[in-house]
file my_file_19.txt (compact mmCIF, C-alpha atoms)
# COMPACT_ATOMS: atom_id res chain seq x y z
CA MET G 1 -80.82 158.88 -40.22
CA LEU G 2 -79.83 157.67 -43.69
CA PRO G 3 -80.63 159.02 -47.19
CA PRO G 4 -83.74 157.61 -48.88
CA GLU G 5 -82.83 155.20 -51.66
CA ARG G 6 -84.54 153.65 -54.63
CA LEU G 7 -84.91 150.05 -53.47
CA HIS G 8 -86.99 150.58 -50.33
CA VAL G 9 -88.62 153.95 -51.09
CA THR G 10 -89.95 153.27 -54.59
CA CYS G 11 -89.47 149.69 -55.86
CA GLU G 12 -90.42 148.02 -52.57
CA GLY G 13 -92.52 150.93 -51.33
CA ILE G 14 -94.48 153.36 -53.49
CA THR G 15 -94.60 151.04 -56.51
CA VAL G 16 -96.23 148.38 -54.34
CA TYR G 17 -98.86 150.89 -53.19
CA ILE G 18 -99.44 152.01 -56.79
CA PHE G 19 -100.29 148.47 -57.88
CA ASP G 20 -102.43 147.90 -54.78
CA SER G 21 -104.38 151.08 -55.50
CA LEU G 22 -104.84 150.17 -59.17
CA MET G 23 -106.07 146.70 -58.24
CA ASN G 24 -108.56 148.34 -55.89
CA ILE G 25 -109.72 150.74 -58.62
CA ILE G 26 -110.21 148.03 -61.25
CA GLY G 27 -111.79 145.51 -58.88
CA ASP G 28 -112.62 141.89 -59.61
CA LYS G 29 -116.25 142.20 -60.70
CA GLY G 30 -118.05 143.20 -63.88
CA ILE G 31 -115.97 145.21 -66.35
CA GLY G 32 -113.01 145.18 -63.98
CA LYS G 33 -112.77 141.40 -64.17
CA PHE G 34 -112.68 141.45 -67.98
CA LEU G 35 -110.19 144.35 -67.97
CA MET G 36 -107.86 142.43 -65.67
CA HIS G 37 -108.02 139.46 -68.04
CA TYR G 38 -107.17 141.69 -71.02
CA ILE G 39 -104.26 143.29 -69.13
CA GLU G 40 -102.74 139.93 -68.23
CA THR G 41 -103.14 138.64 -71.79
CA VAL G 42 -101.53 141.69 -73.40
CA HIS G 43 -98.80 141.69 -70.72
CA HIS G 44 -97.89 138.10 -71.56
CA ASN G 45 -97.71 138.87 -75.30
CA LEU G 46 -95.68 142.03 -74.66
CA ASN G 47 -93.13 140.12 -72.58
CA TYR G 48 -92.76 137.60 -75.37
CA ARG G 49 -92.16 140.32 -77.96
CA LEU G 50 -89.70 142.27 -75.78
CA ARG G 51 -87.54 139.17 -75.39
CA ARG G 52 -87.19 139.01 -79.18
CA ASN G 53 -86.21 142.69 -79.46
CA SER G 54 -82.56 143.58 -79.98
CA GLU G 55 -82.89 146.50 -77.55
CA ARG G 56 -81.77 145.25 -74.11
CA ASP G 57 -82.20 148.43 -72.10
CA PHE G 58 -85.79 147.68 -71.08
CA PRO G 59 -86.52 147.08 -67.37
CA ILE G 60 -86.77 143.44 -66.39
CA GLY G 61 -90.40 142.31 -66.27
CA LEU G 62 -92.24 139.30 -64.91
CA ASP G 63 -94.65 137.02 -66.74
CA ARG G 64 -94.88 134.05 -64.38
CA ASN G 65 -97.21 135.72 -61.88
CA GLY G 66 -99.16 138.40 -63.74
CA CYS G 67 -98.58 142.08 -64.36
CA MET G 68 -99.97 143.65 -61.19
CA LYS G 69 -99.21 140.93 -58.64
CA ASN G 70 -97.12 142.01 -55.65
CA THR G 71 -96.25 138.51 -54.45
CA LEU G 72 -93.29 136.43 -55.60
CA VAL G 73 -91.77 139.39 -57.45
CA ASN G 74 -88.57 141.29 -56.73
CA ALA G 75 -87.96 145.02 -56.94
CA SER G 76 -86.51 145.06 -60.48
CA GLU G 77 -89.35 142.93 -61.85
CA ARG G 78 -91.95 145.17 -60.22
CA HIS G 79 -90.29 148.19 -61.85
CA GLY G 80 -90.40 146.40 -65.21
CA ASN G 81 -94.07 145.49 -64.76
CA LEU G 82 -94.93 149.16 -64.27
CA PHE G 83 -93.14 149.98 -67.53
CA ARG G 84 -95.12 147.25 -69.30
CA LEU G 85 -98.33 148.60 -67.81
CA LEU G 86 -97.48 151.97 -69.38
CA CYS G 87 -97.10 150.29 -72.77
CA ILE G 88 -100.33 148.35 -72.29
CA CYS G 89 -102.29 151.54 -71.59
CA HIS G 90 -101.49 152.71 -75.14
CA THR G 91 -103.22 149.73 -76.76
CA ASP G 92 -106.72 150.14 -78.17
CA GLN G 93 -108.30 147.22 -76.31
CA ILE G 94 -107.06 148.42 -72.91
CA SER G 95 -107.15 152.22 -73.13
CA VAL G 96 -110.92 152.46 -73.76
CA ARG G 97 -111.85 150.16 -70.87
CA MET G 98 -109.27 151.73 -68.56
CA LYS G 99 -110.60 155.19 -69.41
CA ASP G 100 -114.12 154.26 -68.28
CA ILE G 101 -112.96 152.80 -64.97
CA LEU G 102 -110.65 155.72 -64.18
CA LEU G 103 -113.43 158.23 -64.85
CA GLN G 104 -115.34 156.69 -61.96
CA LYS G 105 -112.51 158.00 -59.73
CA ASN G 106 -112.45 161.37 -61.55
CA VAL G 107 -109.09 160.50 -63.15
CA GLN G 108 -108.31 161.26 -66.79
CA ILE G 109 -106.46 158.59 -68.76
CA LYS G 110 -103.96 161.19 -69.99
CA ASP G 111 -103.11 162.15 -66.39
CA PHE G 112 -102.79 158.47 -65.50
CA ILE G 113 -100.30 157.85 -68.33
CA HIS G 114 -98.42 161.09 -67.63
CA CYS G 115 -98.07 160.09 -63.97
CA ILE G 116 -96.49 156.72 -64.80
CA LYS G 117 -94.15 158.37 -67.32
CA LEU G 118 -92.94 160.89 -64.74
CA TYR G 119 -92.51 158.20 -62.11
CA LEU G 120 -90.51 155.86 -64.36
CA SER G 121 -88.42 158.76 -65.65
CA PHE G 122 -87.69 159.82 -62.08
CA GLU G 123 -86.54 156.26 -61.32
CA GLU G 124 -83.94 156.34 -64.10
CA TRP G 125 -82.97 160.01 -63.71
CA ARG G 126 -81.87 159.63 -60.09
CA HIS G 127 -79.16 157.11 -60.96
CA SER G 128 -77.85 158.98 -64.00
CA THR G 129 -75.24 161.73 -64.21
CA ASN G 130 -76.80 165.19 -63.90
CA LEU G 131 -75.57 168.73 -63.39
CA LYS G 132 -76.16 170.13 -59.92
CA ALA G 133 -78.16 173.02 -61.39
CA GLU G 134 -80.48 170.57 -63.16
CA VAL G 135 -80.96 168.61 -59.96
CA GLU G 136 -81.85 171.77 -58.06
CA SER G 137 -84.36 172.85 -60.71
CA SER G 138 -86.16 169.49 -60.69
CA ARG G 139 -88.17 170.22 -57.54
CA THR G 140 -91.15 171.60 -59.48
CA VAL G 141 -91.45 168.50 -61.67
CA ILE G 142 -91.10 166.21 -58.64
CA SER G 143 -93.91 168.04 -56.87
CA VAL G 144 -96.12 167.59 -59.96
CA MET G 145 -95.30 163.87 -59.93
CA VAL G 146 -96.18 163.54 -56.24
CA LYS G 147 -99.54 165.27 -56.74
CA LEU G 148 -100.34 163.07 -59.74
CA ILE G 149 -99.57 159.91 -57.78
CA GLN G 150 -101.96 161.00 -55.05
CA LYS G 151 -104.63 161.86 -57.61
CA CYS G 152 -104.33 158.92 -60.02
CA PHE G 153 -103.80 156.22 -57.39
CA PRO G 154 -106.08 157.12 -54.46
CA ARG G 155 -105.70 155.08 -51.31
CA THR G 156 -108.96 154.87 -49.37
CA ASP G 157 -110.16 153.03 -46.31
CA ASN G 158 -110.83 150.01 -48.51
CA ASP G 159 -107.09 149.35 -48.84
CA GLU G 160 -105.73 146.53 -46.73
CA SER G 161 -102.54 148.28 -45.64
CA GLU G 162 -102.27 151.44 -43.56
CA ILE G 163 -106.01 152.03 -43.41
CA GLY G 164 -106.95 155.67 -43.30
CA GLN G 165 -103.43 156.96 -43.90
CA GLU G 166 -103.84 157.43 -47.66
CA TRP G 167 -100.43 158.66 -48.94
CA LYS G 168 -99.33 160.13 -45.61
CA PHE G 169 -96.34 157.94 -44.75
CA PRO G 170 -92.54 158.42 -44.65
CA LYS G 171 -91.74 156.79 -48.00
CA MET G 172 -93.92 159.29 -49.84
CA HIS G 173 -92.27 162.14 -47.96
CA ALA G 174 -88.85 160.71 -48.91
CA LEU G 175 -89.52 161.39 -52.62
CA THR G 176 -89.02 165.08 -52.02
CA LYS G 177 -85.74 164.49 -50.15
CA PHE G 178 -83.85 162.84 -53.01
CA VAL G 179 -82.87 166.20 -54.49
CA ASP G 180 -81.23 167.35 -51.25
CA TYR G 181 -79.15 164.21 -50.91
CA MET G 182 -78.24 164.14 -54.61
CA ILE G 183 -76.86 167.69 -54.28
CA LEU G 184 -74.96 166.62 -51.19
CA LEU G 185 -73.73 163.15 -52.23
CA GLY G 186 -74.01 163.09 -56.02
CA SER G 187 -76.01 160.56 -58.04
CA ALA G 188 -78.45 158.42 -56.08
CA ILE G 189 -76.44 155.34 -57.05
CA ASN G 190 -73.97 156.46 -54.37
CA PHE G 191 -76.51 155.67 -51.64
CA PHE G 192 -78.38 152.80 -53.31
CA GLY G 193 -79.36 150.01 -50.92
CA GLY G 194 -79.61 147.22 -53.48
CA ILE G 195 -75.94 146.24 -53.18
CA GLY G 196 -76.20 145.78 -49.43
CA GLU G 197 -79.43 143.84 -49.86
CA CYS G 198 -77.76 141.43 -52.29
CA ASN G 199 -74.90 140.87 -49.84
CA HIS G 200 -77.44 140.33 -47.08
CA LYS G 201 -79.10 137.56 -49.10
CA LYS G 202 -75.77 135.98 -50.03
CA PHE G 203 -74.14 135.91 -46.61
CA ILE G 204 -77.19 135.61 -44.31
CA LYS G 205 -80.28 134.22 -46.02
CA ASP G 206 -78.62 131.75 -48.39
CA THR G 207 -76.37 130.48 -45.62
CA GLY G 208 -79.35 130.03 -43.34
CA CYS G 209 -81.09 127.90 -45.97
CA ASN G 210 -78.14 125.47 -45.92
CA THR G 211 -78.61 124.71 -42.22
CA GLN G 212 -80.96 122.10 -40.79
CA LYS G 213 -82.94 124.89 -39.09
CA ARG G 214 -83.15 123.03 -35.83
CA THR G 215 -84.23 124.85 -32.69
CA ASN G 216 -83.02 122.52 -29.95
CA ILE G 217 -81.45 125.27 -27.85
CA LYS G 218 -82.61 125.04 -24.27
CA LEU G 219 -82.92 128.22 -22.27
CA GLN G 220 -82.24 128.04 -18.56
CA LEU G 221 -83.48 130.70 -16.21
CA VAL G 222 -80.92 131.56 -13.58
CA ILE G 223 -82.19 133.35 -10.49
CA PRO G 224 -79.43 135.03 -8.54
CA SER G 225 -79.26 134.22 -4.89
CA GLN G 226 -80.07 136.91 -2.33

call {"tool": "encode", "arguments": {"input": "my_file_19.txt", "output": "structure tokens"}}
result
Amino acid sequence: MLPPERLHVTCEGITVYIFDSLMNIIGDKGIGKFLMHYIETVHHNLNYRLRRNSERDFPIGLDRNGCMKNTLVNASERHGNLFRLLCICHTDQISVRMKDILLQKNVQIKDFIHCIKLYLSFEEWRHSTNLKAEVESSRTVISVMVKLIQKCFPRTDNDESEIGQEWKFPKMHALTKFVDYMILLGSAINFFGGIGECNHKKFIKDTGCNTQKRTNIKLQLVIPSQ
């Protein structure tokens, strides 16, 4: 009924599934356990160095809960963690180990990096100012991105969520619909759901936390007389 938007389709949707799939690929045993340790160590150092950089246009990352954790992280931080993962994959100590694990899934490291680049670029491109002709001609690149996501981040029956569905769900289908709504309504910032979500937290959730949260309401069943 409503246009797909960045917050729920990608940041709180496909990005979550990307990290879940990558965690499933790496695993927590053998070389995967050591690789996860290296990723978290480099991620922590990278966050420290980015805070010292004068360039402030980097996505906001998270270093209190790990790079690929999907709990206790908001949408912007998850987007920033994916950008940091892209930077980490270019380091010598990670790229070699990552290459060996990805080959077990028949995925090339260059396709893996290209997929994340396209995905992050698509995230920023949607909310920028673009000519209508350029938006219309982007369908081919978007289709390449969708195919790379399905190839580089396979979702099998071992995943905890949506078992057996792989990438066949509405949020994945919504990626191809952004172009139509951008041509109709302009930049995707015009139908971004983050503003409404912030207002929802401010007026509903935060207010609810200030109450005593008592549930002393008694319900009385009234049976009408015949």

call {"tool": "atom_distance", "arguments": {"input": "my_file_19.txt", "atom1": "CA of Leu50 (chain G)", "atom2": "CA of His114 (chain G)"}}
result
22.3 Å

call {"tool": "closest_residue", "arguments": {"input": "my_file_19.txt", "among": "G:Leu22, G:Ile183, G:Ile116, G:Val107", "to": "Leu82 (chain G)", "atoms": "all atoms listed in the file"}}
result
G:Ile116

call {"tool": "residues_around", "arguments": {"input": "my_file_19.txt", "residues": "region 163-173 of chain G", "least_positions_apart": "5", "cutoff": "12 Å", "atoms": "all atoms listed in the file", "output": "JSON, numbers by chain"}}
result
{"G": [3, 4, 5, 6, 7, 8, 9, 10, 11, 12, 13, 14, 15, 16, 17, 18, 20, 21, 142, 143, 145, 146, 147, 148, 149, 150, 151, 152, 153, 154, 155, 156, 157, 158, 178]}

call {"tool": "residues_around", "arguments": {"input": "my_file_19.txt", "residues": "region 186-192 of chain G", "least_positions_apart": "3", "cutoff": "10 Å", "atoms": "all atoms listed in the file", "output": "list in words"}}
result
Leu2, Pro3, Pro4, Glu5, Arg6, Leu7, His8, Glu123, Glu124, Trp125, Arg126, His127, Ser128, Thr129, Asn130, Leu131, Lys132, Val135, Phe178, Val179, Asp180, Tyr181, Met182, Ile183, Ile195, Gly196 and Glu197 of chain G

call {"tool": "closest_residue", "arguments": {"input": "my_file_19.txt", "among": "G:Val144, G:Lys201, G:Val96, G:Ile101", "to": "Leu118 (chain G)", "atoms": "only C-alpha atoms"}}
result
G:Val144

call {"tool": "atom_distance", "arguments": {"input": "my_file_19.txt", "atom1": "CA of Phe34 (chain G)", "atom2": "CA of Gln93 (chain G)"}}
result
11.0 Å

call {"tool": "atom_distance", "arguments": {"input": "my_file_19.txt", "atom1": "CA of Thr91 (chain G)", "atom2": "CA of His44 (chain G)"}}
result
13.8 Å

call {"tool": "closest_residue", "arguments": {"input": "my_file_19.txt", "among": "G:Arg97, G:Arg56, G:His79, G:Lys33", "to": "Phe122 (chain G)", "atoms": "only C-alpha atoms"}}
result
G:His79
